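File shown here: query13.txt, holding compact mmCIF, C-alpha atoms.
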```txt
# COMPACT_ATOMS: atom_id res chain seq x y z
CA MET A 5 -53.80 -91.16 7.63
CA ALA A 6 -50.44 -92.67 6.67
CA LEU A 7 -48.32 -94.02 9.51
CA GLN A 8 -45.80 -91.46 10.71
CA CYS A 9 -42.03 -91.50 11.20
CA GLY A 10 -40.47 -88.72 13.29
CA ILE A 11 -36.98 -87.57 12.26
CA ILE A 12 -35.00 -86.42 15.30
CA GLY A 13 -31.40 -85.56 16.13
CA LEU A 14 -29.04 -82.88 17.37
CA PRO A 15 -28.71 -79.62 15.39
CA GLN A 16 -26.65 -79.66 12.18
CA VAL A 17 -26.42 -83.42 11.75
CA GLY A 18 -28.09 -83.40 8.29
CA LYS A 19 -31.67 -84.20 9.28
CA THR A 20 -33.28 -81.73 6.91
CA THR A 21 -30.94 -82.68 4.06
CA ILE A 22 -32.14 -86.27 4.43
CA PHE A 23 -35.74 -85.10 4.76
CA ASN A 24 -35.39 -83.13 1.51
CA ALA A 25 -33.96 -86.15 -0.24
CA LEU A 26 -36.80 -88.29 1.09
CA THR A 27 -39.53 -85.91 0.09
CA ALA A 28 -38.13 -83.40 -2.40
CA ALA A 29 -40.01 -80.91 -0.20
CA GLY A 30 -37.40 -78.16 -0.32
CA ALA A 31 -37.30 -77.58 3.44
CA ARG A 32 -34.70 -75.09 4.62
CA VAL A 33 -31.25 -76.67 5.17
CA GLY A 34 -28.21 -76.17 7.33
CA GLY A 35 -26.01 -73.48 8.84
CA PHE A 36 -28.57 -71.32 10.66
CA SER A 37 -29.05 -70.66 14.35
CA GLY A 38 -32.30 -70.82 16.25
CA ALA A 39 -35.13 -73.17 15.49
CA SER A 40 -38.78 -73.09 14.63
CA ASP A 41 -41.19 -75.29 16.51
CA ASN A 42 -43.06 -75.92 13.26
CA PRO A 43 -42.01 -79.29 11.80
CA ASN A 44 -41.51 -80.14 8.14
CA ILE A 45 -44.05 -82.78 7.11
CA ALA A 46 -44.36 -84.80 3.92
CA GLN A 47 -45.59 -88.16 2.66
CA VAL A 48 -43.12 -90.52 1.00
CA ALA A 49 -43.84 -93.39 -1.37
CA VAL A 50 -42.74 -96.86 -0.25
CA PRO A 51 -40.56 -98.33 -3.05
CA ASP A 52 -42.31 -101.29 -4.67
CA PRO A 53 -41.31 -102.45 -8.18
CA ARG A 54 -44.38 -104.74 -8.26
CA LEU A 55 -46.58 -101.70 -8.87
CA ASP A 56 -44.99 -100.73 -12.18
CA ASP A 57 -45.00 -104.36 -13.25
CA LEU A 58 -48.72 -104.79 -12.58
CA ALA A 59 -49.63 -101.38 -13.99
CA LYS A 60 -47.87 -102.17 -17.26
CA ALA A 61 -49.66 -105.50 -17.62
CA PHE A 62 -53.08 -104.03 -16.77
CA LYS A 63 -52.45 -100.80 -18.73
CA SER A 64 -53.42 -98.82 -15.66
CA LYS A 65 -54.12 -95.12 -16.02
CA LYS A 66 -52.92 -94.42 -12.46
CA ILE A 67 -50.34 -95.88 -10.05
CA THR A 68 -50.71 -95.22 -6.32
CA PRO A 69 -47.94 -96.48 -4.01
CA ALA A 70 -48.19 -97.14 -0.29
CA THR A 71 -46.95 -94.16 1.74
CA LEU A 72 -45.30 -93.22 5.00
CA ARG A 73 -45.48 -89.76 6.55
CA PHE A 74 -42.20 -88.20 7.72
CA VAL A 75 -42.15 -85.43 10.35
CA ASP A 76 -38.86 -83.50 10.63
CA VAL A 77 -38.50 -81.36 13.76
CA ALA A 78 -35.74 -78.84 14.45
CA GLY A 79 -32.60 -80.10 16.18
CA LEU A 80 -32.89 -81.23 19.78
CA ALA A 81 -30.20 -80.64 22.40
CA LYS A 82 -29.43 -81.13 26.07
CA GLY A 83 -32.38 -79.83 28.06
CA SER A 84 -34.90 -80.52 25.30
CA SER A 85 -36.92 -82.67 27.68
CA ARG A 86 -38.05 -79.58 29.61
CA ALA A 87 -41.73 -79.27 28.84
CA ASP A 88 -41.83 -75.48 29.19
CA GLY A 89 -39.27 -74.68 26.48
CA LEU A 90 -38.84 -75.03 22.72
CA GLY A 91 -37.53 -78.57 23.19
CA GLY A 92 -40.74 -79.58 24.94
CA ARG A 93 -42.78 -78.24 22.02
CA LEU A 94 -40.54 -80.07 19.55
CA LEU A 95 -40.91 -83.35 21.42
CA ALA A 96 -44.68 -82.85 21.45
CA HIS A 97 -44.61 -83.06 17.64
CA VAL A 98 -43.07 -86.53 17.72
CA ARG A 99 -45.19 -87.95 20.54
CA GLU A 100 -47.86 -88.95 18.05
CA VAL A 101 -45.55 -90.59 15.48
CA ASP A 102 -45.36 -94.36 15.17
CA LEU A 103 -41.57 -94.67 14.77
CA LEU A 104 -38.51 -92.53 15.51
CA VAL A 105 -35.69 -92.01 13.01
CA HIS A 106 -32.60 -90.69 14.79
CA VAL A 107 -30.05 -89.05 12.47
CA ALA A 108 -26.48 -89.00 13.79
CA ARG A 109 -23.64 -87.11 12.13
CA CYS A 110 -20.83 -89.39 10.98
CA PHE A 111 -18.91 -86.93 8.81
CA GLU A 112 -16.39 -84.12 9.32
CA ASN A 113 -17.03 -80.69 7.80
CA GLU A 114 -14.98 -77.67 8.85
CA HIS A 115 -17.68 -75.34 7.53
CA VAL A 116 -20.44 -76.85 9.69
CA SER A 117 -19.71 -76.89 13.41
CA HIS A 118 -21.04 -79.51 15.81
CA VAL A 119 -22.88 -78.38 18.94
CA GLU A 120 -20.58 -80.57 21.08
CA GLY A 121 -17.41 -79.43 19.30
CA SER A 122 -16.49 -82.89 17.96
CA ILE A 123 -17.98 -85.73 15.93
CA ASP A 124 -19.10 -88.69 18.03
CA PRO A 125 -22.33 -90.36 16.86
CA VAL A 126 -22.54 -92.73 19.84
CA ARG A 127 -22.32 -89.82 22.30
CA ASP A 128 -24.96 -87.95 20.28
CA ALA A 129 -27.27 -90.97 20.28
CA GLU A 130 -26.88 -91.24 24.05
CA THR A 131 -27.70 -87.53 24.44
CA ILE A 132 -30.90 -87.95 22.43
CA GLN A 133 -31.77 -91.11 24.37
CA ILE A 134 -31.37 -89.36 27.72
CA GLU A 135 -33.56 -86.43 26.64
CA LEU A 136 -36.30 -88.76 25.42
CA ALA A 137 -36.06 -90.77 28.65
CA LEU A 138 -36.26 -87.65 30.83
CA ALA A 139 -39.32 -86.44 28.94
CA ASP A 140 -40.95 -89.84 29.42
CA LEU A 141 -39.97 -89.94 33.08
CA GLU A 142 -41.81 -86.66 33.69
CA THR A 143 -44.90 -88.09 31.97
CA VAL A 144 -44.68 -91.36 33.93
CA GLU A 145 -44.29 -89.66 37.30
CA LYS A 146 -47.29 -87.39 36.70
CA ASN A 147 -49.42 -90.36 35.72
CA MET A 148 -48.18 -92.41 38.69
CA GLU A 149 -49.55 -89.75 41.03
CA ARG A 150 -52.95 -89.85 39.35
CA ALA A 151 -53.04 -93.64 39.17
CA ALA A 152 -52.03 -93.99 42.84
CA LYS A 153 -54.91 -91.77 43.97
CA THR A 154 -57.41 -93.73 41.87
CA ALA A 155 -55.94 -97.10 42.92
CA ARG A 156 -56.51 -96.26 46.59
CA SER A 157 -60.23 -96.24 45.88
CA GLY A 158 -59.97 -99.86 44.69
CA ASP A 159 -59.97 -99.19 40.94
CA LYS A 160 -58.56 -102.36 39.36
CA LYS A 161 -57.44 -100.73 36.08
CA ALA A 162 -55.63 -97.97 37.97
CA LYS A 163 -53.77 -100.60 40.02
CA GLU A 164 -52.70 -102.38 36.84
CA LEU A 165 -51.56 -99.11 35.26
CA LEU A 166 -49.62 -98.14 38.38
CA ALA A 167 -47.78 -101.47 38.36
CA VAL A 168 -46.75 -101.00 34.71
CA LEU A 169 -45.69 -97.39 35.32
CA GLU A 170 -43.48 -98.52 38.20
CA ARG A 171 -41.78 -101.01 35.87
CA VAL A 172 -41.05 -98.51 33.08
CA LYS A 173 -39.85 -95.91 35.57
CA VAL A 174 -36.82 -98.08 36.41
CA PRO A 175 -35.03 -97.83 33.03
CA LEU A 176 -36.18 -94.22 32.52
CA GLU A 177 -34.50 -93.13 35.76
CA ASP A 178 -31.23 -94.51 34.32
CA GLY A 179 -31.73 -92.60 31.05
CA ARG A 180 -32.69 -95.78 29.22
CA ALA A 181 -35.70 -96.56 27.06
CA ALA A 182 -39.06 -97.65 28.47
CA ARG A 183 -39.09 -100.52 25.95
CA GLU A 184 -36.25 -102.08 27.98
CA ALA A 185 -38.88 -102.95 30.59
CA SER A 186 -39.89 -105.79 28.23
CA LEU A 187 -43.62 -105.25 28.60
CA LYS A 188 -46.22 -107.69 27.37
CA GLU A 189 -48.61 -106.51 24.67
CA GLU A 190 -51.48 -105.99 27.11
CA GLU A 191 -49.19 -103.94 29.40
CA THR A 192 -48.08 -101.76 26.51
CA THR A 193 -51.74 -101.20 25.66
CA LEU A 194 -52.27 -99.67 29.11
CA LEU A 195 -49.65 -97.02 28.28
CA ARG A 196 -50.95 -96.20 24.80
CA ASP A 197 -52.56 -92.88 25.76
CA LEU A 198 -49.29 -91.66 27.30
CA SER A 199 -47.51 -91.69 23.89
CA LEU A 200 -44.18 -92.50 25.55
CA LEU A 201 -41.32 -91.62 23.21
CA THR A 202 -39.01 -94.44 24.30
CA LEU A 203 -41.65 -97.10 23.75
CA LYS A 204 -41.63 -96.30 20.05
CA PRO A 205 -39.42 -98.38 17.74
CA MET A 206 -36.31 -96.54 16.57
CA ILE A 207 -34.00 -96.57 13.56
CA HIS A 208 -30.59 -94.89 13.73
CA VAL A 209 -29.32 -93.24 10.55
CA ALA A 210 -25.55 -92.90 10.20
CA ASN A 211 -25.32 -89.79 8.02
CA VAL A 212 -21.95 -90.17 6.30
CA ASP A 213 -20.01 -88.36 3.59
CA GLU A 214 -18.60 -90.18 0.54
CA SER A 215 -15.81 -91.72 2.61
CA GLY A 216 -18.44 -93.31 4.85
CA LEU A 217 -19.72 -95.53 2.05
CA VAL A 218 -16.83 -97.94 2.61
CA PRO A 219 -17.69 -100.84 4.98
CA ASP A 220 -15.00 -100.09 7.59
CA HIS A 221 -15.78 -96.41 8.21
CA PRO A 222 -15.09 -96.06 11.98
CA LEU A 223 -17.81 -93.55 12.92
CA ALA A 224 -20.55 -95.47 11.10
CA LEU A 225 -19.30 -98.78 12.50
CA ALA A 226 -19.44 -97.37 16.03
CA LEU A 227 -23.07 -96.31 15.63
CA GLU A 228 -23.98 -99.63 14.02
CA ALA A 229 -22.38 -101.52 16.93
CA MET A 230 -24.31 -99.43 19.46
CA ALA A 231 -27.58 -100.03 17.58
CA ALA A 232 -26.93 -103.78 17.50
CA GLN A 233 -26.26 -103.80 21.24
CA ASP A 234 -29.55 -101.93 21.88
CA ASP A 235 -31.43 -104.23 19.49
CA THR A 236 -32.33 -101.34 17.20
CA LEU A 237 -31.72 -100.88 13.48
CA CYS A 238 -29.06 -98.71 11.84
CA VAL A 239 -29.04 -97.57 8.21
CA ARG A 240 -26.04 -95.86 6.61
CA ILE A 241 -26.92 -92.91 4.32
CA CYS A 242 -24.88 -90.25 2.56
CA GLY A 243 -27.33 -87.37 2.82
CA GLN A 244 -25.59 -85.16 0.27
CA ILE A 245 -25.43 -87.90 -2.37
CA GLU A 246 -29.06 -88.87 -1.74
CA ALA A 247 -30.17 -85.23 -1.94
CA GLU A 248 -28.37 -84.81 -5.26
CA MET A 249 -29.79 -88.08 -6.58
CA ALA A 250 -33.32 -86.99 -5.61
CA THR A 251 -33.10 -84.14 -8.13
CA LEU A 252 -32.34 -86.50 -11.04
CA PRO A 253 -34.93 -88.06 -13.34
CA PRO A 254 -35.63 -91.73 -12.41
CA GLU A 255 -33.90 -93.05 -15.54
CA GLU A 256 -30.60 -91.41 -14.50
CA ARG A 257 -30.54 -92.60 -10.88
CA ASP A 258 -29.24 -96.13 -11.56
CA GLU A 259 -26.26 -94.74 -13.45
CA PHE A 260 -25.64 -92.21 -10.67
CA MET A 261 -25.62 -94.96 -8.03
CA GLN A 262 -23.19 -97.01 -10.09
CA VAL A 263 -20.71 -94.12 -9.94
CA TYR A 264 -20.66 -94.45 -6.15
CA GLY A 265 -20.89 -98.23 -6.10
CA LEU A 266 -24.40 -98.21 -4.63
CA LYS A 267 -26.69 -101.14 -5.43
CA ARG A 268 -29.65 -99.50 -3.73
CA SER A 269 -30.52 -96.03 -2.49
CA GLY A 270 -29.90 -95.50 1.20
CA LEU A 271 -33.25 -93.76 1.42
CA ASP A 272 -34.98 -96.79 -0.07
CA LYS A 273 -33.33 -98.86 2.66
CA LEU A 274 -34.58 -96.42 5.30
CA ILE A 275 -38.15 -96.39 3.98
CA THR A 276 -38.25 -100.18 3.68
CA ALA A 277 -36.74 -100.61 7.16
CA SER A 278 -39.33 -98.21 8.60
CA PHE A 279 -42.09 -100.13 6.85
CA ASP A 280 -40.84 -103.44 8.23
CA LEU A 281 -40.26 -102.12 11.76
CA LEU A 282 -43.84 -100.85 11.87
CA ASN A 283 -44.90 -104.46 11.15
CA LEU A 284 -46.51 -103.44 7.87
CA MET A 285 -47.10 -105.40 4.71
CA THR A 286 -48.64 -104.61 1.33
CA PHE A 287 -51.51 -106.01 -0.63
CA LEU A 288 -52.17 -104.90 -4.19
CA THR A 289 -55.15 -104.09 -6.37
CA ALA A 290 -54.75 -103.84 -10.14
CA GLY A 291 -56.92 -102.81 -13.05
CA GLU A 292 -57.19 -100.50 -16.01
CA LYS A 293 -58.32 -97.59 -13.83
CA GLU A 294 -55.64 -97.89 -11.12
CA THR A 295 -52.94 -100.13 -9.69
CA ARG A 296 -52.45 -99.47 -6.00
CA ALA A 297 -50.50 -100.67 -2.96
CA TRP A 298 -52.24 -100.71 0.42
CA ASN A 299 -50.56 -100.65 3.87
CA ILE A 300 -51.90 -103.07 6.46
CA LYS A 301 -50.54 -104.57 9.67
CA ARG A 302 -49.35 -108.15 9.44
CA GLU A 303 -51.96 -110.73 10.55
CA THR A 304 -54.79 -108.54 9.18
CA ARG A 305 -57.80 -110.58 7.98
CA ALA A 306 -59.49 -110.09 4.63
CA PRO A 307 -62.53 -108.01 5.74
CA GLN A 308 -60.34 -105.54 7.64
CA ALA A 309 -58.02 -105.27 4.62
CA ALA A 310 -61.09 -104.51 2.52
CA GLY A 311 -61.90 -101.73 4.97
CA LYS A 312 -58.65 -100.00 4.01
CA ILE A 313 -60.21 -99.46 0.57
CA HIS A 314 -63.67 -98.47 1.80
CA SER A 315 -65.77 -99.14 4.89
CA ASP A 316 -68.65 -100.30 2.64
CA ILE A 317 -66.47 -103.11 1.25
CA GLU A 318 -65.65 -104.32 4.77
CA ARG A 319 -69.27 -104.12 5.88
CA GLY A 320 -70.57 -105.98 2.83
CA PHE A 321 -67.64 -108.38 2.46
CA ILE A 322 -68.58 -111.67 0.74
CA ARG A 323 -65.26 -113.16 -0.31
CA LEU A 324 -61.79 -112.33 -1.57
CA GLU A 325 -60.50 -113.48 -4.93
CA VAL A 326 -56.72 -113.44 -4.70
CA TYR A 327 -53.45 -114.67 -6.14
CA ASP A 328 -49.83 -114.14 -5.20
CA TYR A 329 -47.79 -111.63 -7.21
CA ASP A 330 -44.85 -114.05 -7.51
CA ASP A 331 -47.18 -116.77 -8.81
CA TRP A 332 -48.47 -114.30 -11.40
CA VAL A 333 -44.90 -113.59 -12.51
CA SER A 334 -44.09 -117.32 -12.72
CA CYS A 335 -47.18 -117.71 -14.93
CA GLY A 336 -45.86 -115.20 -17.43
CA ARG A 337 -47.88 -112.33 -15.95
CA ASP A 338 -51.04 -113.95 -17.29
CA GLU A 339 -54.11 -114.19 -15.02
CA LYS A 340 -55.59 -116.89 -17.24
CA LYS A 341 -52.59 -119.15 -16.58
CA VAL A 342 -52.81 -118.35 -12.86
CA LYS A 343 -56.37 -119.73 -12.91
CA GLU A 344 -55.41 -122.74 -15.05
CA LYS A 345 -52.73 -123.74 -12.54
CA GLY A 346 -55.15 -123.42 -9.62
CA LEU A 347 -53.27 -120.49 -8.09
CA TRP A 348 -56.27 -118.17 -8.17
CA ARG A 349 -58.01 -118.62 -4.81
CA SER A 350 -61.33 -117.70 -3.25
CA GLU A 351 -60.95 -116.87 0.45
CA GLY A 352 -63.43 -116.07 3.22
CA LYS A 353 -63.60 -113.84 6.28
CA ASP A 354 -60.95 -115.74 8.23
CA TYR A 355 -58.25 -115.42 5.57
CA VAL A 356 -55.07 -113.80 6.90
CA MET A 357 -53.60 -111.47 4.28
CA ARG A 358 -50.13 -112.10 2.85
CA ASP A 359 -47.61 -109.63 1.49
CA GLY A 360 -47.90 -109.49 -2.29
CA ASP A 361 -51.53 -110.60 -2.47
CA VAL A 362 -53.19 -109.26 -5.63
CA CYS A 363 -56.80 -108.81 -4.58
CA LEU A 364 -60.34 -108.49 -5.88
CA PHE A 365 -62.88 -108.06 -3.07
CA ARG A 366 -66.44 -109.24 -3.64
CA PHE A 367 -69.02 -107.42 -1.55
CA ASN A 368 -72.68 -106.44 -1.35
CA VAL A 369 -74.13 -103.35 0.37
```

What would the structure in this file look like if it were written as structure tokens?
Amino acid sequence: MALQCGIIGLPQVGKTTIFNALTAAGARVGGFSGASDNPNIAQVAVPDPRLDDLAKAFKSKKITPATLRFVDVAGLAKGSSRADGLGGRLLAHVREVDLLVHVARCFENEHVSHVEGSIDPVRDAETIQIELALADLETVEKNMERAAKTARSGDKKAKELLAVLERVKVPLEDGRAAREASLKEEETTLLRDLSLLTLKPMIHVANVDESGLVPDHPLALALEAMAAQDDTLCVRICGQIEAEMATLPPEERDEFMQVYGLKRSGLDKLITASFDLLNLMTFLTAGEKETRAWNIKRETRAPQAAGKIHSDIERGFIRLEVYDYDDWVSCGRDEKKVKEKGLWRSEGKDYVMRDGDVCLFRFNV
């Protein structure tokens, strides 16, 4: 399954507009009261111009990009952390995602009211943060009770878990994120089954109107400053422009962006930032049948990368024949020249994959 990004935010901040632009899924948008606890879900291609380049050279019949899965839940609000209500069910949908995308409204619109009566993206981000922290605090306290009982019997793992839970409880009680406890990797592993929301990496999206595309837009700047202080990312997106652009044929999108002075789609920035924050990289396979991008975690070794394609290839891995995409380009997109210059390599089981590796796995089963 593709790694998942959960889109969260207060009601009527433009979450579903951005989701539609991301996915062209046609999910219902805007201006309605009440909420369903059924999320919108769609997979989104990770932008990668290398794919088209390779596919053209290899005359590939099929191009398959790497993907991320986006889950868009209805708007959250104060009190969403209560497990027995709609908010609790909505939060349950994002407990299993790998990354949170918080959309904050940074635009005025007299036809679309704000639940708090005014536009303040920093306040909204703090509201969402508190609700996530309260939901996590409830989970932590329940698990502390269980761990304490087991620890009294001398269970070493329970004692370790209890110690970590006590540490993350401190920031949660202040409405702050569990990740502020600065846990080591092995400590975070102990909490994996709890699916704590505030341990997940987060990207803030400043959803602006056309006026927000200028660098000194005050609402977007305020959210960006808050994100920088919290050591999180912030991406500025004009949801309406992106939604309109998503309906255009690819050949018209560059011209459309030029009209608004955009060098790159805001959604592309969001997808790429999500990909990077999840510590992902891409290796490539190319041939007449298909050119394809594959998601893997950084530091993945060659046999495990092979397993992304098929478990048989990992099990029967012999070696990896590989060259770097950029080297291929510098050699005039000619594999023969790549070999002549000694840039075509044969790697074994200990090889650590690199972003942009163009791969041919040799195996025997």

How far is it from CA of Lys66 in chain A to CA of Thr286 in chain A, in Å with one decimal?
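For CA of Lys66 in chain A relative to CA of Thr286 in chain A, the distance reads 17.7 Å.
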
So which residues touch Leu288 in chain A within 9 Å, counting only C-alpha atoms, skipping near sequence neighbours fewer than 6 positions away, as a VMD selection string?
chain A and resid 54 to 55 295 to 298 329 359 to 363

Kindly indicate which residue among A:Glu246, A:Glu142, A:Asp331, A:Glu135 lies nearest to Leu274 in chain A, using all atoms listed in the file for the distances.
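Of the candidates, the smallest distance to Leu274 in chain A is held by A:Glu246.
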
If we count all atoms listed in the file and set the cut-off at 8 Å, which residues sit around range 302-314 of chain A, ignoring sequence neighbours fewer than 5 positions away in its own chain? Please answer as number ranges by chain.
A: 283-285, 319, 321, 324, 352-358, 365

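Across the structure, CA of Glu189 in chain A and CA of Val168 in chain A are spaced 11.6 Å apart.
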